[in-house]
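Listing of start16.txt, compact mmCIF, C-alpha atoms
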```txt
# COMPACT_ATOMS: atom_id res chain seq x y z
CA MET A 1 -12.96 8.88 -73.31
CA THR A 2 -10.69 7.21 -70.81
CA TYR A 3 -9.75 3.64 -71.45
CA ALA A 4 -7.30 0.93 -70.62
CA PRO A 5 -4.80 -0.04 -73.31
CA PRO A 6 -6.40 -1.59 -76.42
CA PRO A 7 -6.47 -5.40 -76.44
CA ASP A 8 -3.72 -5.72 -79.02
CA VAL A 9 -1.35 -3.37 -77.18
CA THR A 10 -0.50 -4.82 -73.80
CA PHE A 11 1.35 -3.56 -70.78
CA VAL A 12 4.32 -5.62 -69.71
CA PRO A 13 5.13 -5.29 -66.00
CA ASN A 14 8.42 -3.60 -65.56
CA VAL A 15 10.27 -1.75 -62.85
CA ARG A 16 12.11 1.25 -64.18
CA GLU A 17 15.65 1.56 -62.98
CA THR A 18 16.69 4.75 -61.28
CA HIS A 19 19.29 6.56 -63.30
CA ILE A 20 20.76 9.98 -63.73
CA PRO A 21 19.19 11.82 -66.71
CA ARG A 22 21.46 11.90 -69.68
CA SER A 23 22.23 15.06 -71.54
CA PRO A 24 23.53 15.27 -75.11
CA THR A 25 25.79 18.18 -74.20
CA ARG A 26 27.50 19.64 -71.18
CA GLY A 27 28.12 23.26 -70.52
CA GLY A 28 31.60 24.67 -71.07
CA ARG A 29 33.62 25.59 -68.03
CA GLY A 30 35.48 28.43 -69.71
CA ASN A 31 38.81 29.59 -68.30
CA GLU A 32 38.58 28.56 -64.66
CA GLU A 33 40.99 29.83 -62.05
CA ASN A 34 42.76 26.49 -61.95
CA SER A 35 43.09 26.35 -65.73
CA PRO A 36 46.59 26.84 -67.13
CA LEU A 37 47.30 30.34 -68.30
CA LEU A 38 48.67 29.21 -71.63
CA ALA A 39 45.86 26.89 -72.73
CA PRO A 40 45.66 25.47 -76.26
CA ARG A 41 44.44 27.96 -78.79
CA VAL A 42 41.22 26.03 -79.46
CA GLU A 43 40.31 26.47 -75.78
CA GLN A 44 41.22 30.15 -75.71
CA GLU A 45 39.45 31.11 -78.91
CA TYR A 46 36.42 28.84 -78.86
CA GLY A 47 36.00 27.97 -75.21
CA LEU A 48 35.79 24.49 -73.76
CA PHE A 49 32.57 23.29 -75.37
CA GLU A 50 32.87 19.94 -73.62
CA ASN A 51 31.00 17.97 -76.25
CA HIS A 52 31.35 14.76 -74.26
CA PHE A 53 29.91 11.50 -75.59
CA PRO A 54 31.61 8.82 -73.50
CA GLU A 55 29.04 6.24 -74.59
CA ASP A 56 29.93 6.81 -78.26
CA PRO A 57 33.72 7.10 -78.76
CA GLU A 58 33.43 7.09 -82.56
CA PHE A 59 31.16 10.13 -82.58
CA GLN A 60 33.37 11.73 -79.95
CA GLU A 61 36.36 11.34 -82.27
CA VAL A 62 34.48 13.00 -85.14
CA ILE A 63 33.72 16.01 -82.94
CA ARG A 64 37.36 16.21 -81.86
CA LYS A 65 38.42 16.23 -85.52
CA THR A 66 35.92 19.01 -86.14
CA GLU A 67 37.26 21.15 -83.30
CA SER A 68 40.86 20.55 -84.40
CA ALA A 69 40.02 21.60 -87.95
CA ILE A 70 38.39 24.82 -86.71
CA GLU A 71 41.46 25.47 -84.60
CA ASP A 72 43.59 25.13 -87.75
CA GLY A 73 41.40 27.58 -89.67
CA ILE A 74 39.47 24.99 -91.68
CA TYR A 75 36.02 26.39 -91.09
CA PRO A 76 32.63 24.80 -91.89
CA GLU A 77 31.23 25.79 -95.28
CA ARG A 78 27.68 27.05 -95.61
CA ILE A 79 25.31 24.90 -97.65
CA TYR A 80 23.58 27.23 -100.08
CA GLN A 81 20.67 24.92 -100.78
CA GLY A 82 17.75 24.89 -98.38
CA SER A 83 16.04 27.56 -96.33
CA SER A 84 18.27 27.70 -93.26
CA GLY A 85 21.87 28.13 -92.21
CA SER A 86 23.47 24.70 -92.36
CA TYR A 87 27.13 23.84 -92.83
CA PHE A 88 29.38 21.13 -94.20
CA VAL A 89 31.92 20.37 -91.48
CA LYS A 90 35.41 19.23 -92.48
CA ASP A 91 38.37 17.60 -90.77
CA CYS A 92 42.00 18.67 -90.95
CA GLU A 93 42.35 16.92 -94.32
CA ARG A 94 39.45 19.03 -95.65
CA LYS A 95 37.25 15.96 -95.96
CA THR A 96 33.56 16.52 -95.21
CA ILE A 97 32.65 14.57 -92.08
CA GLY A 98 29.36 16.07 -90.92
CA VAL A 99 26.52 18.56 -91.31
CA PHE A 100 25.95 21.15 -88.57
CA LYS A 101 22.66 23.02 -88.23
CA PRO A 102 22.70 25.78 -85.58
CA LYS A 103 19.52 26.43 -83.64
CA ASP A 104 19.51 30.19 -84.23
CA GLU A 105 19.97 29.76 -88.00
CA GLU A 106 16.97 27.50 -88.53
CA PRO A 107 14.33 28.54 -91.12
CA TYR A 108 12.60 30.85 -88.62
CA GLY A 109 15.58 31.56 -86.39
CA GLN A 110 16.73 35.10 -85.65
CA LEU A 111 20.04 34.63 -87.45
CA ASN A 112 18.90 32.64 -90.47
CA PRO A 113 21.19 33.88 -93.27
CA LYS A 114 18.69 32.99 -96.03
CA TRP A 115 16.54 35.96 -97.01
CA THR A 116 13.70 33.83 -98.43
CA LYS A 117 12.19 33.11 -95.01
CA TRP A 118 12.51 36.77 -94.03
CA MET A 119 10.48 37.69 -97.12
CA HIS A 120 8.03 34.93 -96.30
CA LYS A 121 7.47 36.35 -92.82
CA LEU A 122 7.24 39.93 -94.11
CA CYS A 123 4.95 39.37 -97.10
CA CYS A 124 2.82 36.45 -95.97
CA PRO A 125 2.63 36.40 -92.16
CA CYS A 126 -0.65 34.46 -92.15
CA CYS A 127 1.11 31.44 -93.67
CA PHE A 128 4.36 31.91 -91.78
CA GLY A 129 5.80 28.73 -90.28
CA ARG A 130 4.07 25.45 -89.53
CA SER A 131 1.48 25.90 -86.81
CA CYS A 132 1.75 22.28 -85.72
CA LEU A 133 5.48 22.48 -84.90
CA VAL A 134 7.37 24.05 -82.01
CA PRO A 135 9.36 26.97 -83.50
CA ASN A 136 13.15 26.78 -83.49
CA GLN A 137 13.43 23.20 -82.30
CA GLY A 138 14.53 21.69 -85.58
CA TYR A 139 17.89 20.72 -84.15
CA LEU A 140 16.14 18.69 -81.44
CA SER A 141 13.95 17.08 -84.08
CA GLU A 142 17.06 16.02 -85.99
CA ALA A 143 18.61 14.47 -82.90
CA GLY A 144 15.27 12.99 -81.82
CA ALA A 145 14.82 11.22 -85.16
CA SER A 146 18.25 9.67 -84.73
CA LEU A 147 17.31 8.57 -81.22
CA VAL A 148 14.12 6.86 -82.45
CA ASP A 149 16.10 5.25 -85.26
CA ARG A 150 18.61 3.78 -82.81
CA LYS A 151 15.97 2.61 -80.32
CA LEU A 152 14.10 0.69 -83.02
CA GLN A 153 17.34 -0.44 -84.75
CA LEU A 154 16.14 0.90 -88.09
CA ASN A 155 19.62 2.14 -89.04
CA VAL A 156 18.44 4.56 -91.72
CA VAL A 157 19.27 7.90 -90.03
CA PRO A 158 22.92 8.99 -89.99
CA LYS A 159 23.92 9.40 -86.37
CA THR A 160 22.89 12.83 -85.10
CA LYS A 161 23.51 14.49 -81.75
CA VAL A 162 23.35 17.96 -80.23
CA VAL A 163 26.72 19.72 -80.03
CA LYS A 164 28.15 23.22 -79.59
CA LEU A 165 30.50 24.71 -82.15
CA SER A 166 31.88 28.13 -83.02
CA SER A 167 33.24 29.28 -86.36
CA GLU A 168 33.97 32.50 -88.22
CA THR A 169 31.75 31.25 -91.05
CA PHE A 170 28.63 30.98 -88.90
CA ASN A 171 26.14 33.83 -89.02
CA TYR A 172 26.62 36.09 -85.99
CA ASN A 173 25.17 39.49 -85.28
CA ALA A 174 27.35 42.60 -85.30
CA ILE A 175 27.46 42.82 -81.50
CA ASP A 176 28.92 39.34 -81.05
CA ARG A 177 31.57 39.98 -83.67
CA ALA A 178 32.45 43.34 -82.12
CA LYS A 179 32.78 41.76 -78.67
CA SER A 180 35.02 39.07 -80.07
CA ARG A 181 37.33 41.60 -81.76
CA THR A 182 37.47 43.74 -78.61
CA LYS A 183 38.40 40.79 -76.40
CA GLN A 184 41.10 39.72 -78.81
CA ARG A 185 42.62 43.22 -78.78
CA ILE A 186 42.56 43.35 -74.97
CA MET A 187 44.13 39.89 -74.75
CA THR A 188 46.91 40.99 -77.11
CA ARG A 189 47.62 44.32 -75.47
CA VAL A 190 46.77 43.62 -71.81
CA PRO A 191 47.15 39.85 -71.18
CA SER A 192 46.63 40.28 -67.43
CA VAL A 193 43.11 41.52 -68.11
CA GLY A 194 42.39 39.28 -71.10
CA LYS A 195 43.08 36.08 -69.16
CA LYS A 196 40.12 36.86 -66.91
CA PHE A 197 37.63 36.62 -69.75
CA HIS A 198 35.33 33.62 -69.55
CA ARG A 199 35.69 33.05 -73.29
CA LEU A 200 37.62 34.51 -76.19
CA GLY A 201 36.37 34.44 -79.74
CA LEU A 202 32.82 34.07 -80.96
CA PRO A 203 30.25 32.34 -78.74
CA PRO A 204 29.56 28.67 -79.49
CA LYS A 205 26.29 27.80 -81.16
CA THR A 206 24.05 24.91 -80.16
CA GLY A 207 22.83 22.77 -83.01
CA SER A 208 22.48 19.32 -84.49
CA PHE A 209 25.52 17.52 -85.86
CA GLN A 210 24.83 14.71 -88.33
CA LEU A 211 27.52 12.41 -89.65
CA PHE A 212 28.10 12.85 -93.37
CA VAL A 213 27.30 9.92 -95.66
CA ASN A 214 29.34 9.36 -98.82
CA GLY A 215 28.23 8.02 -102.19
CA TYR A 216 24.52 8.79 -101.77
CA LYS A 217 22.21 10.62 -104.19
CA ASP A 218 18.67 11.95 -103.89
CA ALA A 219 16.15 9.13 -103.82
CA ASP A 220 14.29 10.79 -106.70
CA TYR A 221 17.33 10.27 -108.95
CA TRP A 222 17.60 6.53 -108.34
CA LEU A 223 13.85 5.88 -108.25
CA ARG A 224 13.55 7.31 -111.77
CA LYS A 225 16.41 5.06 -112.84
CA PHE A 226 14.77 2.01 -111.30
CA ASP A 227 11.56 2.74 -113.21
CA SER A 228 13.39 2.00 -116.46
CA GLU A 229 15.80 -0.64 -115.14
CA ASP A 230 14.71 -3.87 -113.51
CA LEU A 231 16.54 -4.57 -110.30
CA PRO A 232 17.57 -8.10 -109.33
CA VAL A 233 14.96 -9.70 -107.11
CA SER A 234 17.23 -9.74 -104.07
CA THR A 235 18.10 -6.05 -104.51
CA ALA A 236 14.48 -5.03 -105.07
CA THR A 237 13.51 -6.91 -101.91
CA ARG A 238 16.27 -5.20 -99.98
CA LEU A 239 15.11 -1.79 -101.22
CA GLN A 240 11.54 -2.60 -100.15
CA HIS A 241 12.69 -3.53 -96.65
CA LEU A 242 14.73 -0.35 -96.33
CA PHE A 243 11.81 1.69 -97.63
CA GLU A 244 9.58 0.19 -94.94
CA ARG A 245 12.07 1.27 -92.29
CA LEU A 246 11.87 4.82 -93.63
CA VAL A 247 8.08 4.63 -93.47
CA VAL A 248 8.16 3.45 -89.85
CA LEU A 249 10.51 6.29 -88.86
CA ASP A 250 8.60 9.04 -90.66
CA TYR A 251 5.23 7.88 -89.42
CA ILE A 252 6.26 7.63 -85.77
CA ILE A 253 7.89 11.06 -85.65
CA ARG A 254 5.20 12.51 -87.98
CA ASN A 255 7.70 14.02 -90.36
CA THR A 256 6.06 17.00 -92.08
CA ASP A 257 8.80 17.43 -94.67
CA ARG A 258 9.57 14.14 -96.35
CA GLY A 259 9.94 14.52 -100.10
CA ASN A 260 11.93 12.30 -102.43
CA ASP A 261 14.71 14.87 -102.43
CA ASN A 262 15.53 14.62 -98.72
CA TRP A 263 16.09 10.94 -98.33
CA LEU A 264 19.04 9.37 -100.07
CA ILE A 265 19.87 6.13 -101.83
CA LYS A 266 23.30 4.61 -102.34
CA TYR A 267 23.36 2.11 -105.19
CA GLU A 268 26.46 0.24 -106.23
CA PRO A 269 25.90 -1.68 -109.50
CA VAL A 270 26.86 -5.29 -110.04
CA SER A 271 30.50 -6.20 -110.51
CA ALA A 272 31.88 -9.27 -112.25
CA ARG A 273 34.69 -11.24 -110.70
CA GLY A 274 36.88 -13.93 -112.17
CA PRO A 275 37.08 -17.55 -111.08
CA ASP A 276 39.06 -18.80 -108.14
CA LYS A 277 42.18 -20.30 -109.67
CA ASN A 278 42.62 -22.51 -106.63
CA ASN A 279 39.22 -24.06 -107.21
CA GLU A 280 38.91 -26.27 -110.27
CA GLU A 281 35.12 -26.31 -110.06
CA SER A 282 35.03 -22.55 -110.56
CA GLU A 283 36.48 -22.76 -114.08
CA SER A 284 33.00 -23.12 -115.50
CA ASP A 285 31.71 -20.16 -113.43
CA TRP A 286 33.79 -17.40 -114.93
CA SER A 287 31.01 -14.85 -115.01
CA MET A 288 30.28 -14.85 -111.31
CA VAL A 289 28.42 -11.65 -110.45
CA ASP A 290 27.91 -9.94 -107.10
CA ASN A 291 24.43 -8.57 -106.38
CA PRO A 292 24.16 -4.78 -106.33
CA ASP A 293 24.52 -3.18 -102.92
CA ILE A 294 21.83 -0.71 -101.91
CA SER A 295 21.25 1.38 -98.79
CA ILE A 296 19.27 4.48 -97.82
CA ALA A 297 19.79 7.46 -95.53
CA ALA A 298 16.95 9.51 -94.01
CA ILE A 299 18.26 13.07 -93.69
CA ASP A 300 16.53 16.42 -93.05
CA ASN A 301 14.42 15.37 -90.07
CA GLY A 302 14.16 18.85 -88.59
CA LEU A 303 10.41 19.33 -89.20
CA ALA A 304 9.02 16.48 -87.15
CA PHE A 305 7.53 15.84 -83.67
CA PRO A 306 4.46 18.13 -84.01
CA PHE A 307 2.37 18.90 -80.92
CA LYS A 308 -0.82 18.43 -82.96
CA HIS A 309 -1.75 16.89 -86.28
CA PRO A 310 -1.84 19.38 -89.19
CA ASP A 311 -5.34 20.84 -89.25
CA GLU A 312 -5.13 24.25 -90.88
CA TRP A 313 -3.96 25.10 -94.40
CA ARG A 314 -1.63 22.25 -95.36
CA ALA A 315 -1.60 18.52 -94.59
CA TYR A 316 2.14 18.01 -95.09
CA PRO A 317 1.71 14.50 -96.55
CA TYR A 318 4.38 11.83 -96.84
CA HIS A 319 5.49 12.03 -100.46
CA TRP A 320 6.67 8.43 -100.42
CA ALA A 321 3.00 7.41 -100.20
CA TRP A 322 2.73 7.92 -103.98
CA LEU A 323 5.53 5.46 -104.75
CA GLU A 324 4.88 1.92 -105.96
CA GLN A 325 6.69 0.57 -102.89
CA ALA A 326 4.00 2.11 -100.68
CA LYS A 327 1.34 -0.17 -102.21
CA VAL A 328 3.08 -3.34 -101.04
CA PRO A 329 1.93 -4.72 -97.65
CA PHE A 330 4.45 -4.52 -94.84
CA SER A 331 6.87 -7.44 -94.90
CA SER A 332 7.44 -9.96 -92.14
CA GLU A 333 10.96 -8.55 -91.80
CA ILE A 334 9.77 -5.14 -90.56
CA LYS A 335 7.09 -6.74 -88.38
CA GLU A 336 9.64 -8.91 -86.60
CA LEU A 337 11.94 -5.91 -86.17
CA VAL A 338 9.60 -3.35 -84.62
CA LEU A 339 6.25 -4.91 -83.70
CA PRO A 340 7.33 -6.56 -80.42
CA GLN A 341 8.74 -3.25 -79.19
CA LEU A 342 5.93 -1.00 -80.38
CA SER A 343 3.33 -3.32 -78.83
CA ASP A 344 4.99 -2.92 -75.44
CA MET A 345 3.79 0.30 -73.80
CA ASN A 346 6.73 0.17 -71.41
CA PHE A 347 9.05 0.47 -74.40
CA VAL A 348 6.97 3.34 -75.76
CA GLN A 349 7.10 5.14 -72.43
CA ASP A 350 10.85 4.55 -72.23
CA LEU A 351 11.17 6.12 -75.68
CA CYS A 352 9.17 9.12 -74.46
CA ASP A 353 11.45 9.41 -71.42
CA ASP A 354 14.56 9.38 -73.61
CA LEU A 355 13.09 12.09 -75.81
CA TYR A 356 12.24 14.10 -72.69
CA GLU A 357 15.88 14.02 -71.57
CA LEU A 358 16.87 15.32 -75.00
CA PHE A 359 14.19 17.97 -75.47
CA CYS A 360 14.37 19.41 -71.94
CA THR A 361 17.92 20.64 -72.63
CA ASP A 362 16.44 23.44 -74.76
CA LYS A 363 16.09 26.77 -72.96
CA GLY A 364 12.57 27.23 -74.32
CA PHE A 365 11.40 23.77 -73.28
CA ASP A 366 7.77 23.61 -72.19
CA LYS A 367 6.55 20.45 -70.46
CA ARG A 368 2.92 20.81 -71.54
CA THR A 369 3.90 21.21 -75.19
CA PHE A 370 6.23 18.22 -74.96
CA ASP A 371 3.40 16.10 -73.53
CA LYS A 372 1.29 17.04 -76.55
CA GLN A 373 4.14 16.01 -78.86
CA MET A 374 4.32 12.63 -77.16
CA SER A 375 0.52 12.25 -77.40
CA VAL A 376 0.79 12.62 -81.16
CA MET A 377 3.67 10.14 -81.29
CA ARG A 378 1.78 7.57 -79.19
CA GLY A 379 -1.18 7.87 -81.56
CA GLN A 380 1.08 7.31 -84.54
CA ILE A 381 2.58 4.25 -82.86
CA LEU A 382 -0.90 2.92 -82.11
CA ASN A 383 -1.95 3.23 -85.75
CA LEU A 384 1.31 1.75 -86.99
CA THR A 385 1.02 -1.22 -84.63
CA GLN A 386 -2.50 -1.95 -85.85
CA ALA A 387 -1.50 -1.60 -89.51
CA LEU A 388 1.38 -4.05 -89.07
CA LYS A 389 -0.87 -6.60 -87.38
CA ASP A 390 -3.58 -6.22 -90.04
CA GLY A 391 -1.11 -6.68 -92.91
CA LYS A 392 -1.73 -3.24 -94.38
CA SER A 393 0.52 -1.34 -96.76
CA PRO A 394 2.22 2.04 -96.11
CA LEU A 395 -0.41 3.66 -98.33
CA GLN A 396 -3.21 2.18 -96.27
CA LEU A 397 -1.40 3.25 -93.11
CA VAL A 398 -1.42 6.95 -94.02
CA GLN A 399 -5.14 6.69 -94.86
CA MET A 400 -6.03 5.63 -91.31
CA PRO A 401 -7.77 8.25 -89.12
CA VAL A 402 -5.18 10.18 -87.13
CA VAL A 403 -5.33 9.75 -83.39
CA THR A 404 -3.65 11.13 -80.28
CA VAL A 405 -3.08 9.11 -77.13
CA GLU A 406 -2.62 11.25 -74.03
CA ARG A 407 -1.19 9.83 -70.82
CA ASN A 408 -3.36 10.84 -67.89
CA LYS A 409 -1.80 13.46 -65.64
CA SER A 410 -2.60 11.41 -62.55
CA SER A 411 0.05 8.93 -63.71
CA GLY A 412 2.79 11.58 -63.56
CA ARG A 413 6.25 10.56 -64.72
CA VAL A 414 6.35 7.53 -62.41
CA ARG A 415 6.18 4.21 -64.25
CA SER A 416 3.04 2.32 -63.27
CA ASP A 417 1.24 -0.74 -64.58
CA SER A 418 -2.08 0.98 -63.93
CA ALA A 419 -1.34 4.02 -66.08
CA THR A 420 -4.31 5.01 -68.23
CA TYR A 421 -4.51 6.84 -71.54
CA THR A 422 -7.06 8.96 -73.33
CA GLN A 423 -7.53 8.37 -77.03
CA SER A 424 -9.03 11.01 -79.29
CA PHE A 425 -9.51 11.32 -83.04
CA GLN A 426 -9.03 14.45 -85.10
CA HIS A 427 -12.13 15.61 -86.96
CA ARG A 428 -10.77 18.82 -88.48
CA ALA A 429 -9.00 18.30 -91.81
CA PRO A 430 -6.52 20.70 -93.46
CA PHE A 431 -7.82 22.91 -96.27
CA PHE A 432 -5.31 21.45 -98.77
CA SER A 433 -4.81 17.70 -98.49
CA TRP A 434 -2.24 17.33 -101.27
CA CYS A 435 0.51 19.65 -100.02
```
As structure tokens - that is how I would like this structure written.
Amino acid sequence: MTYAPPPDVTFVPNVRETHIPRSPTRGGRGNEENSPLLAPRVEQEYGLFENHFPEDPEFQEVIRKTESAIEDGIYPERIYQGSSGSYFVKDCERKTIGVFKPKDEEPYGQLNPKWTKWMHKLCCPCCFGRSCLVPNQGYLSEAGASLVDRKLQLNVVPKTKVVKLSSETFNYNAIDRAKSRTKQRIMTRVPSVGKKFHRLGLPPKTGSFQLFVNGYKDADYWLRKFDSEDLPVSTATRLQHLFERLVVLDYIIRNTDRGNDNWLIKYEPVSARGPDKNNEESESDWSMVDNPDISIAAIDNGLAFPFKHPDEWRAYPYHWAWLEQAKVPFSSEIKELVLPQLSDMNFVQDLCDDLYELFCTDKGFDKRTFDKQMSVMRGQILNLTQALKDGKSPLQLVQMPVVTVERNKSSGRVRSDSATYTQSFQHRAPFFSWC
């Protein structure tokens, strides 16, 4: 049925500013005719990737450190856990500064170095992949989760963007490696011919680059600890608020792979400090104690943004829904943080537009599929908004009927106060609801 926005979700008149679409990456220009013949080795061997992020100089500096380290032969190291090709990226001091996940080495990518998914596809094709997700767009999902996190100011996802990198340690096919060796030989023996090559070395790979977080452990580790150790009230409250931010993120992007082993907790125990010798009143307060510091990091967001709700074999539930924290009603802190924005359909549409600018950079981008992804996300936002207003808990939130909200095609991509939406509920349930 076609309807105007529900009474508790209102349109706020707004005129969208005209702007040039942003892009998380820019194509390399290679060795142009006006480029110097003797360019730096990183440009000759890896091409000019032009990972430009002028709006984020800190992230830009991290990428520059990464490229300098690769130039110096400090290559990314493959992470042997997981089902895809992902890599710890280091700087020139061999300190881990990020995690890079190439598009073509994703769980179902053509160059995934892990044989488990190959066996999965060969032996059990009927259960291969997740039918609700767009194949080989995990890197966009990682960057998209970071974008949603920043827009809502949740601050639980380590900053993630799409970049291009090349390294000897990445998984390349034999043809690419043979081409690279041949070009290097020609450049060494016949420089006049070699300088005309567009790029020397292995081709750069597009993927997600997430800043590395230090001092964190799997949430499962700390949650088991907290079951046997009572946290101070202020720390327990802080953990609850951070947990609610994780819930908001996962629910909006419909994360299909959130277990307690792929979100992290950093917990720094209490520390005693002596009295201030310059303050006589502090003599009686020798055992002054600082409250423990706690923070969380939502990593592994590559299996989110489905184009339909799971409706076949598996339900892909949120595993945090079984935690005690999920039984507590949403706090006023999270309501004040996100409810004003999520209730504004102009903000929601702006979020969809930002995701469009990110997702359309993929060569396999399909507008109709993207619209379906946004319909699912709008439905999730609608449910979340209602749950926050009704004072429900995260557990009650995930028990609400799933809904999709489709923007009518007549509205196009032009912002309009009269835009209408079609709401529909899913009646087909997955065969297994617990996995």
What is the distance, in Å and to one decimal place, between CA of Arg94 in chain A and CA of Trp263 in chain A?
->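 Atom-to-atom, CA of Arg94 in chain A to CA of Trp263 in chain A, that is 24.9 Å.
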Report, as AutoDock Vina command-line options, the centre and edge lengths in Å (one decimal) of the axis-aligned box enclosing every listed atom of range 372-378 of chain A, padded by 5 Å on each side.
```
--center_x 2.4 --center_y 12.3 --center_z -78.9 --size_x 13.8 --size_y 19.5 --size_z 14.7
```
Figure out the distance between CA of Val248 in chain A and CA of Ile381 in chain A, please, to one decimal in Å.
->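 CA of Val248 in chain A lies at a distance of 9.0 Å from CA of Ile381 in chain A.
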Taking all atoms listed in the file into account, which of A:Leu249, A:Val338, A:Cys92, A:Ile186 comes nearest Lys389 in chain A?
-> A:Val338
Taking all atoms listed in the file into account, which of A:Ala387, A:Val402, A:Leu165, A:Cys352 comes nearest Met374 in chain A?
-> A:Cys352
Contact residues around Tyr421 in chain A with all atoms listed in the file at 6 Å, ignoring same-chain residues under 6 positions, as an NGL selection string = :A and (406-408)
Work out how far apart CA of Leu397 in chain A and CA of Ile252 in chain A are and give it in Å to one decimal.
->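 So the two atoms, CA of Leu397 in chain A and CA of Ile252 in chain A, lie 11.5 Å apart.
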